[in-house]
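J.: Just one file: run15.pdb, with PDB, C-alpha atoms.
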```pdb
ATOM      1  CA  MET A  62       0.000   0.000   0.000  1.00  0.00           C
ATOM      2  CA  GLY A  63       1.281   3.457  -0.854  1.00  0.00           C
ATOM      3  CA  ARG A  64       1.674   6.470   1.324  1.00  0.00           C
ATOM      4  CA  LEU A  65      -1.536   8.289   2.193  1.00  0.00           C
ATOM      5  CA  PHE A  66      -1.744  11.957   1.231  1.00  0.00           C
ATOM      6  CA  LEU A  67      -4.694  13.973   2.481  1.00  0.00           C
ATOM      7  CA  MET A  68      -5.869  17.068   0.648  1.00  0.00           C
ATOM      8  CA  HIS A  69      -6.463  20.148   2.797  1.00  0.00           C
ATOM      9  CA  LEU A  70      -9.222  22.583   1.855  1.00  0.00           C
ATOM     10  CA  ASP A  71      -9.515  26.278   2.655  1.00  0.00           C
ATOM     11  CA  GLY A  72     -12.858  27.934   3.283  1.00  0.00           C
ATOM     12  CA  ASN A  73     -16.132  26.543   4.584  1.00  0.00           C
ATOM     13  CA  VAL A  74     -15.195  22.874   4.923  1.00  0.00           C
ATOM     14  CA  TYR A  75     -17.260  19.802   5.774  1.00  0.00           C
ATOM     15  CA  SER A  76     -15.110  17.175   7.471  1.00  0.00           C
ATOM     16  CA  CYS A  77     -15.340  13.674   8.929  1.00  0.00           C
ATOM     17  CA  LYS A  78     -16.804  13.973  12.417  1.00  0.00           C
ATOM     18  CA  HIS A  79     -14.488  11.215  13.700  1.00  0.00           C
ATOM     19  CA  CYS A  80     -11.065  12.291  12.439  1.00  0.00           C
ATOM     20  CA  LYS A  81     -11.678  15.810  11.020  1.00  0.00           C
ATOM     21  CA  THR A  82     -10.378  14.873   7.544  1.00  0.00           C
ATOM     22  CA  HIS A  83     -11.607  17.457   5.020  1.00  0.00           C
ATOM     23  CA  LEU A  84     -14.267  16.059   2.682  1.00  0.00           C
ATOM     24  CA  GLY A  85     -15.877  18.924   0.791  1.00  0.00           C
ATOM     25  CA  LEU A  86     -16.515  22.635   0.478  1.00  0.00           C
ATOM     26  CA  ALA A  87     -19.846  24.295   1.186  1.00  0.00           C
ATOM     27  CA  ALA A  88     -19.513  25.931  -2.253  1.00  0.00           C
ATOM     28  CA  ASP A  89     -19.743  22.464  -3.849  1.00  0.00           C
ATOM     29  CA  ILE A  90     -23.143  21.671  -2.324  1.00  0.00           C
ATOM     30  CA  ILE A  91     -25.804  21.276  -4.996  1.00  0.00           C
ATOM     31  CA  SER A  92     -28.704  20.608  -2.628  1.00  0.00           C
ATOM     32  CA  LYS A  93     -29.401  20.386   1.105  1.00  0.00           C
ATOM     33  CA  ALA A  94     -32.843  18.899   0.453  1.00  0.00           C
ATOM     34  CA  PHE A  95     -31.775  15.248   0.570  1.00  0.00           C
ATOM     35  CA  HIS A  96     -32.543  12.717   3.266  1.00  0.00           C
ATOM     36  CA  CYS A  97     -31.037   9.388   4.203  1.00  0.00           C
ATOM     37  CA  LYS A  98     -32.057   6.764   6.725  1.00  0.00           C
ATOM     38  CA  HIS A  99     -30.255   8.720   9.467  1.00  0.00           C
ATOM     39  CA  GLY A 100     -31.692  12.153   8.670  1.00  0.00           C
ATOM     40  CA  LYS A 101     -30.419  15.019   6.518  1.00  0.00           C
ATOM     41  CA  ALA A 102     -27.943  14.573   3.685  1.00  0.00           C
ATOM     42  CA  TYR A 103     -26.306  16.962   1.246  1.00  0.00           C
ATOM     43  CA  LEU A 104     -25.699  16.439  -2.475  1.00  0.00           C
ATOM     44  CA  PHE A 105     -22.172  17.544  -3.437  1.00  0.00           C
ATOM     45  CA  ASN A 106     -20.772  18.124  -6.890  1.00  0.00           C
ATOM     46  CA  LYS A 107     -17.395  16.853  -5.698  1.00  0.00           C
ATOM     47  CA  VAL A 108     -15.727  15.581  -2.539  1.00  0.00           C
ATOM     48  CA  LEU A 109     -12.203  14.488  -1.726  1.00  0.00           C
ATOM     49  CA  ASN A 110     -10.309  12.303   0.714  1.00  0.00           C
ATOM     50  CA  VAL A 111     -12.761   9.438   0.179  1.00  0.00           C
ATOM     51  CA  THR A 112     -12.558   5.974  -1.315  1.00  0.00           C
ATOM     52  CA  THR A 113     -15.472   4.244  -3.019  1.00  0.00           C
ATOM     53  CA  GLY A 114     -16.825   0.833  -2.217  1.00  0.00           C
ATOM     54  CA  VAL A 115     -18.514  -1.762  -4.387  1.00  0.00           C
ATOM     55  CA  LYS A 116     -21.203  -0.636  -6.824  1.00  0.00           C
ATOM     56  CA  GLU A 117     -24.688  -1.896  -6.006  1.00  0.00           C
ATOM     57  CA  ASP A 118     -28.253  -1.199  -7.050  1.00  0.00           C
ATOM     58  CA  ARG A 119     -30.438   0.412  -4.376  1.00  0.00           C
ATOM     59  CA  MET A 120     -34.102   1.300  -4.514  1.00  0.00           C
ATOM     60  CA  MET A 121     -34.506   4.835  -3.234  1.00  0.00           C
ATOM     61  CA  MET A 122     -37.464   7.177  -2.926  1.00  0.00           C
ATOM     62  CA  THR A 123     -36.896   8.451  -6.470  1.00  0.00           C
ATOM     63  CA  GLY A 124     -36.289   5.063  -8.054  1.00  0.00           C
ATOM     64  CA  MET A 125     -33.480   2.599  -8.650  1.00  0.00           C
ATOM     65  CA  HIS A 126     -29.911   3.904  -8.557  1.00  0.00           C
ATOM     66  CA  THR A 127     -26.498   2.270  -8.834  1.00  0.00           C
ATOM     67  CA  VAL A 128     -24.410   3.654  -5.963  1.00  0.00           C
ATOM     68  CA  SER A 129     -21.110   3.090  -4.176  1.00  0.00           C
ATOM     69  CA  ASP A 130     -20.626   3.821  -0.499  1.00  0.00           C
ATOM     70  CA  ILE A 131     -17.871   6.354   0.187  1.00  0.00           C
ATOM     71  CA  PHE A 132     -15.416   6.070   3.073  1.00  0.00           C
ATOM     72  CA  CYS A 133     -13.192   8.642   4.763  1.00  0.00           C
ATOM     73  CA  VAL A 134      -9.550   7.897   3.908  1.00  0.00           C
ATOM     74  CA  GLY A 135      -8.467   9.224   7.302  1.00  0.00           C
ATOM     75  CA  CYS A 136     -10.352   6.756   9.499  1.00  0.00           C
ATOM     76  CA  GLY A 137     -12.331   4.465   7.173  1.00  0.00           C
ATOM     77  CA  SER A 138     -15.766   5.601   8.388  1.00  0.00           C
ATOM     78  CA  ILE A 139     -18.599   5.515   5.887  1.00  0.00           C
ATOM     79  CA  VAL A 140     -19.630   9.111   5.215  1.00  0.00           C
ATOM     80  CA  GLY A 141     -22.160   8.720   2.380  1.00  0.00           C
ATOM     81  CA  TRP A 142     -22.357   7.408  -1.163  1.00  0.00           C
ATOM     82  CA  LYS A 143     -21.669   8.227  -4.789  1.00  0.00           C
ATOM     83  CA  TYR A 144     -24.345   8.043  -7.472  1.00  0.00           C
ATOM     84  CA  GLU A 145     -22.837   5.916 -10.227  1.00  0.00           C
ATOM     85  CA  ALA A 146     -25.961   5.624 -12.399  1.00  0.00           C
ATOM     86  CA  ALA A 147     -29.638   6.525 -12.295  1.00  0.00           C
ATOM     87  CA  HIS A 148     -32.056   4.099 -13.873  1.00  0.00           C
ATOM     88  CA  GLU A 149     -34.674   6.781 -14.516  1.00  0.00           C
ATOM     89  CA  LYS A 150     -34.024   9.551 -17.008  1.00  0.00           C
ATOM     90  CA  SER A 151     -35.267  12.318 -14.702  1.00  0.00           C
ATOM     91  CA  GLN A 152     -32.698  11.346 -12.050  1.00  0.00           C
ATOM     92  CA  ARG A 153     -29.592  11.320 -14.255  1.00  0.00           C
ATOM     93  CA  TYR A 154     -28.447  14.711 -12.935  1.00  0.00           C
ATOM     94  CA  LYS A 155     -27.250  12.803  -9.836  1.00  0.00           C
ATOM     95  CA  GLU A 156     -24.780  10.639 -11.747  1.00  0.00           C
ATOM     96  CA  GLY A 157     -21.216  11.252 -10.619  1.00  0.00           C
ATOM     97  CA  LYS A 158     -22.415  13.294  -7.617  1.00  0.00           C
ATOM     98  CA  TYR A 159     -21.886  12.542  -3.928  1.00  0.00           C
ATOM     99  CA  ILE A 160     -24.041  12.405  -0.827  1.00  0.00           C
ATOM    100  CA  LEU A 161     -22.535  13.260   2.546  1.00  0.00           C
ATOM    101  CA  GLU A 162     -24.762  12.188   5.412  1.00  0.00           C
ATOM    102  CA  ARG A 163     -25.101  15.117   7.810  1.00  0.00           C
ATOM    103  CA  CYS A 164     -24.889  12.925  10.931  1.00  0.00           C
ATOM    104  CA  LYS A 165     -21.477  11.644   9.795  1.00  0.00           C
ATOM    105  CA  VAL A 166     -19.753  14.955   9.093  1.00  0.00           C
ATOM    106  CA  SER A 167     -18.957  18.198  10.892  1.00  0.00           C
ATOM    107  CA  GLY A 168     -20.111  21.447   9.331  1.00  0.00           C
ATOM    108  CA  PRO A 169     -17.925  24.451   8.510  1.00  0.00           C
ATOM    109  CA  ASP A 170     -18.602  25.930  11.945  1.00  0.00           C
ATOM    110  CA  GLY A 171     -17.798  22.642  13.697  1.00  0.00           C
ATOM    111  CA  SER A 172     -21.467  21.784  14.193  1.00  0.00           C
ATOM    112  CA  GLN A 173     -22.553  18.157  14.171  1.00  0.00           C
ATOM    113  CA  TYR A 174     -25.952  16.621  13.613  1.00  0.00           C
ATOM    114  CA  TRP A 175     -26.998  13.500  15.411  1.00  0.00           C
ATOM    115  CA  VAL A 176     -29.350  10.688  14.432  1.00  0.00           C
ATOM    116  CA  THR A 177     -32.872  11.570  15.504  1.00  0.00           C
ATOM    117  CA  HIS A 178     -35.497   9.116  16.641  1.00  0.00           C
ATOM    118  CA  ASP A 179     -37.875  10.341  13.960  1.00  0.00           C
ATOM    119  CA  ALA A 180     -35.375   9.868  11.114  1.00  0.00           C
ATOM    120  CA  HIS A 181     -36.677   8.321   7.910  1.00  0.00           C
ATOM    121  CA  PHE A 182     -35.825   4.609   7.699  1.00  0.00           C
ATOM    122  CA  GLY A 183     -36.843   3.906   4.121  1.00  0.00           C
ATOM    123  CA  GLY A 184     -34.760   4.402   1.016  1.00  0.00           C
ATOM    124  CA  SER A 185     -32.524   7.421   0.870  1.00  0.00           C
ATOM    125  CA  ASP A 186     -32.924  10.243  -1.567  1.00  0.00           C
ATOM    126  CA  ALA A 187     -34.092  13.793  -2.039  1.00  0.00           C
ATOM    127  CA  ASP A 188     -37.388  14.923  -0.661  1.00  0.00           C
ATOM    128  CA  ASP A 189     -37.611  17.720  -3.201  1.00  0.00           C
ATOM    129  CA  VAL A 190     -35.197  18.761  -5.906  1.00  0.00           C
TER     130      VAL A 190
END
```
Just dump the structure as structure tokens.
T.:
Amino acid sequence: MGRLFLMHLDGNVYSCKHCKTHLGLAADIISKAFHCKHGKAYLFNKVLNVTTGVKEDRMMMTGMHTVSDIFCVGCGSIVGWKYEAAHEKSQRYKEGKYILERCKVSGPDGSQYWVTHDAHFGGSDADDV
């Protein structure tokens, strides 16, 4: 295995809540109107310092998608997923984009969200886009 190099971001940064590794910039958020089984989630145009897992098909609120879980390279925690492919034409704008689950990251101001008891436990996807 090679040497691990972490990219450092300047500005309003979202980071792994466990190890503080930088994951994405607030400027790269496309939508904050997404939800996952643990609560809020944000759709990012790009993220860094993550590795992708195995591609798999998942049924979400807006239909079938091929996704890969994404993991923080600093500590290995799962922080969200990447949309690899959308099976419905109207959802193709998500392809190549990333979801960071809000309960798994720290916000630019250091804030953290926690799993709520009333979190949605169905498929994960946007509630309105």
J.: Report as a ChimeraX atom specification the residues that result from applying the PyMOL selection byres ((chain A and resi 78-80) around 7) to the structure here.
T.: /A:76-77,81-82,135-136,165-167
J.: Could you work out how far atom CA of Tyr75 of chain A lies from atom CA of Gly124 of chain A, giving the answer in Å with one decimal?
T.: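 Those two atoms sit 27.8 Å apart.
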J.: For Thr112 of chain A, which residue among A:Ala94, A:Thr127, A:Leu67, A:Glu156 is the nearest when counting all atoms listed in the file?
T.: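 For Thr112 of chain A, the nearest of the given residues is A:Leu67.
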J.: Excluding Tyr159 of chain A and any residue of its chain fewer than 6 positions from it, enumerate the residues within 8 Å of it, using all atoms listed in the file, and give them as a list in words.
T.: Leu104, Phe105, Asn106, Lys107, Val108, Gly141, Trp142, Lys143 and Tyr144 of chain A
J.: Excluding same-chain residues fewer than 3 positions from Glu162 of chain A, what lies within 8 Å of it counting only C-alpha atoms, as a list of chain:residue names?
T.: A:Cys97, A:His99, A:Gly100, A:Lys101, A:Ala102, A:Tyr103, A:Val140, A:Gly141, A:Lys165, A:Val166
J.: For atom CA of Pro169 of chain A and atom CA of Ala88 of chain A, quote the distance in Å rounded to one decimal.
T.: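 Value for the atom CA of Pro169 of chain A-atom CA of Ala88 of chain A distance: 11.0 Å.
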J.: Do you have the atom CA of Phe66 of chain A-atom CA of Lys93 of chain A distance handy?
T.: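 About the pair atom CA of Phe66 of chain A and atom CA of Lys93 of chain A: they are 28.9 Å apart.
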J.: Identify the residues within 7 Å of coordinate (-25.5, 4.7, -7.9) (same frame as the file), considering all atoms listed in the file, and give the answer as a ChimeraX atom specification.
T.: /A:116-118,126-129,143-147
J.: Measuring between all atoms listed in the file, which one of A:Asp170, A:Thr113, A:His83, A:Glu149 shows the shortest distance to Ile131 of chain A?
T.: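 Smallest distance to Ile131 of chain A is found for A:Thr113.
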J.: Could you list, as a PyMOL selection string, every residue matched by the PyMOL selection byres ((chain A and resi 110) around 6) in this structure?
T.: chain A and resi 84+109+111+134
J.: May I ask which of the residues A:Ser138, A:Ser151, A:Gln173, A:Asn73 is the closest one to Asp89 of chain A, counting all atoms listed in the file?
T.: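 That would be A:Asn73, the residue with the smallest distance to Asp89 of chain A.
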J.: Would you mind telling me which residue in A:Met120, A:Gly171, A:Lys98, A:Cys133 lies nearest to Met68 of chain A when using all atoms listed in the file?
T.: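 Using all atoms listed in the file, the shortest distance to Met68 of chain A belongs to A:Cys133.
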J.: If I only have part of segment 80-102 of chain A, can you fill in N, CA, C and O atoms and write it as a PDB file, in the frame of the given file?
T.:
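Okay, this is what ended up in rebuild37.pdb:
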```pdb
ATOM      1  N   CYS A  80     -12.501  11.992  12.520  1.00  0.00           N
ATOM      2  CA  CYS A  80     -11.065  12.291  12.439  1.00  0.00           C
ATOM      3  C   CYS A  80     -10.761  13.678  11.883  1.00  0.00           C
ATOM      4  O   CYS A  80      -9.603  14.043  11.756  1.00  0.00           O
ATOM      5  N   LYS A  81     -11.804  14.432  11.524  1.00  0.00           N
ATOM      6  CA  LYS A  81     -11.678  15.810  11.020  1.00  0.00           C
ATOM      7  C   LYS A  81     -11.014  15.923   9.643  1.00  0.00           C
ATOM      8  O   LYS A  81     -10.591  16.993   9.232  1.00  0.00           O
ATOM      9  N   THR A  82     -10.900  14.827   8.906  1.00  0.00           N
ATOM     10  CA  THR A  82     -10.378  14.873   7.544  1.00  0.00           C
ATOM     11  C   THR A  82     -11.326  15.695   6.679  1.00  0.00           C
ATOM     12  O   THR A  82     -12.543  15.503   6.714  1.00  0.00           O
ATOM     13  N   HIS A  83     -10.797  16.619   5.897  1.00  0.00           N
ATOM     14  CA  HIS A  83     -11.607  17.457   5.020  1.00  0.00           C
ATOM     15  C   HIS A  83     -12.231  16.608   3.913  1.00  0.00           C
ATOM     16  O   HIS A  83     -11.555  15.802   3.284  1.00  0.00           O
ATOM     17  N   LEU A  84     -13.539  16.835   3.678  1.00  0.00           N
ATOM     18  CA  LEU A  84     -14.267  16.059   2.682  1.00  0.00           C
ATOM     19  C   LEU A  84     -14.829  16.908   1.548  1.00  0.00           C
ATOM     20  O   LEU A  84     -14.888  16.455   0.413  1.00  0.00           O
ATOM     21  N   GLY A  85     -15.288  18.108   1.840  1.00  0.00           N
ATOM     22  CA  GLY A  85     -15.877  18.924   0.791  1.00  0.00           C
ATOM     23  C   GLY A  85     -16.084  20.357   1.229  1.00  0.00           C
ATOM     24  O   GLY A  85     -16.091  20.667   2.422  1.00  0.00           O
ATOM     25  N   LEU A  86     -16.268  21.212   0.240  1.00  0.00           N
ATOM     26  CA  LEU A  86     -16.515  22.635   0.478  1.00  0.00           C
ATOM     27  C   LEU A  86     -18.012  22.942   0.392  1.00  0.00           C
ATOM     28  O   LEU A  86     -18.724  22.377  -0.447  1.00  0.00           O
ATOM     29  N   ALA A  87     -18.448  23.863   1.225  1.00  0.00           N
ATOM     30  CA  ALA A  87     -19.846  24.295   1.186  1.00  0.00           C
ATOM     31  C   ALA A  87     -20.215  24.808  -0.208  1.00  0.00           C
ATOM     32  O   ALA A  87     -21.348  24.632  -0.656  1.00  0.00           O
ATOM     33  N   ALA A  88     -19.267  25.405  -0.911  1.00  0.00           N
ATOM     34  CA  ALA A  88     -19.513  25.931  -2.253  1.00  0.00           C
ATOM     35  C   ALA A  88     -19.838  24.824  -3.264  1.00  0.00           C
ATOM     36  O   ALA A  88     -20.411  25.099  -4.315  1.00  0.00           O
ATOM     37  N   ASP A  89     -19.488  23.585  -2.945  1.00  0.00           N
ATOM     38  CA  ASP A  89     -19.743  22.464  -3.849  1.00  0.00           C
ATOM     39  C   ASP A  89     -21.054  21.746  -3.552  1.00  0.00           C
ATOM     40  O   ASP A  89     -21.355  20.717  -4.168  1.00  0.00           O
ATOM     41  N   ILE A  90     -21.839  22.267  -2.614  1.00  0.00           N
ATOM     42  CA  ILE A  90     -23.143  21.671  -2.324  1.00  0.00           C
ATOM     43  C   ILE A  90     -24.127  22.062  -3.414  1.00  0.00           C
ATOM     44  O   ILE A  90     -24.284  23.237  -3.742  1.00  0.00           O
ATOM     45  N   ILE A  91     -24.777  21.059  -3.972  1.00  0.00           N
ATOM     46  CA  ILE A  91     -25.804  21.276  -4.996  1.00  0.00           C
ATOM     47  C   ILE A  91     -27.163  21.421  -4.330  1.00  0.00           C
ATOM     48  O   ILE A  91     -27.979  22.237  -4.721  1.00  0.00           O
ATOM     49  N   SER A  92     -27.414  20.589  -3.307  1.00  0.00           N
ATOM     50  CA  SER A  92     -28.704  20.608  -2.628  1.00  0.00           C
ATOM     51  C   SER A  92     -28.565  20.142  -1.183  1.00  0.00           C
ATOM     52  O   SER A  92     -27.822  19.202  -0.894  1.00  0.00           O
ATOM     53  N   LYS A  93     -29.309  20.804  -0.295  1.00  0.00           N
ATOM     54  CA  LYS A  93     -29.401  20.386   1.105  1.00  0.00           C
ATOM     55  C   LYS A  93     -30.740  19.721   1.375  1.00  0.00           C
ATOM     56  O   LYS A  93     -31.084  19.456   2.519  1.00  0.00           O
ATOM     57  N   ALA A  94     -31.492  19.441   0.331  1.00  0.00           N
ATOM     58  CA  ALA A  94     -32.843  18.899   0.453  1.00  0.00           C
ATOM     59  C   ALA A  94     -32.891  17.382   0.328  1.00  0.00           C
ATOM     60  O   ALA A  94     -33.908  16.830  -0.055  1.00  0.00           O
ATOM     61  N   PHE A  95     -31.811  16.708   0.644  1.00  0.00           N
ATOM     62  CA  PHE A  95     -31.775  15.248   0.570  1.00  0.00           C
ATOM     63  C   PHE A  95     -31.918  14.658   1.962  1.00  0.00           C
ATOM     64  O   PHE A  95     -31.585  15.308   2.958  1.00  0.00           O
ATOM     65  N   HIS A  96     -32.413  13.439   2.008  1.00  0.00           N
ATOM     66  CA  HIS A  96     -32.543  12.717   3.266  1.00  0.00           C
ATOM     67  C   HIS A  96     -31.987  11.312   3.089  1.00  0.00           C
ATOM     68  O   HIS A  96     -32.013  10.752   1.999  1.00  0.00           O
ATOM     69  N   CYS A  97     -31.494  10.771   4.184  1.00  0.00           N
ATOM     70  CA  CYS A  97     -31.037   9.388   4.203  1.00  0.00           C
ATOM     71  C   CYS A  97     -31.694   8.713   5.401  1.00  0.00           C
ATOM     72  O   CYS A  97     -32.463   9.344   6.124  1.00  0.00           O
ATOM     73  N   LYS A  98     -31.387   7.470   5.633  1.00  0.00           N
ATOM     74  CA  LYS A  98     -32.057   6.764   6.725  1.00  0.00           C
ATOM     75  C   LYS A  98     -31.706   7.326   8.099  1.00  0.00           C
ATOM     76  O   LYS A  98     -32.395   7.073   9.065  1.00  0.00           O
ATOM     77  N   HIS A  99     -30.646   8.131   8.191  1.00  0.00           N
ATOM     78  CA  HIS A  99     -30.255   8.720   9.467  1.00  0.00           C
ATOM     79  C   HIS A  99     -30.642  10.187   9.600  1.00  0.00           C
ATOM     80  O   HIS A  99     -30.276  10.836  10.561  1.00  0.00           O
ATOM     81  N   GLY A 100     -31.306  10.749   8.604  1.00  0.00           N
ATOM     82  CA  GLY A 100     -31.692  12.153   8.670  1.00  0.00           C
ATOM     83  C   GLY A 100     -31.271  12.923   7.435  1.00  0.00           C
ATOM     84  O   GLY A 100     -31.335  12.410   6.318  1.00  0.00           O
ATOM     85  N   LYS A 101     -30.789  14.150   7.629  1.00  0.00           N
ATOM     86  CA  LYS A 101     -30.419  15.019   6.518  1.00  0.00           C
ATOM     87  C   LYS A 101     -29.169  14.534   5.798  1.00  0.00           C
ATOM     88  O   LYS A 101     -28.294  13.913   6.392  1.00  0.00           O
ATOM     89  N   ALA A 102     -29.113  14.876   4.513  1.00  0.00           N
ATOM     90  CA  ALA A 102     -27.943  14.573   3.685  1.00  0.00           C
ATOM     91  C   ALA A 102     -27.806  15.669   2.638  1.00  0.00           C
ATOM     92  O   ALA A 102     -28.790  16.293   2.253  1.00  0.00           O
TER      93      ALA A 102
END
```
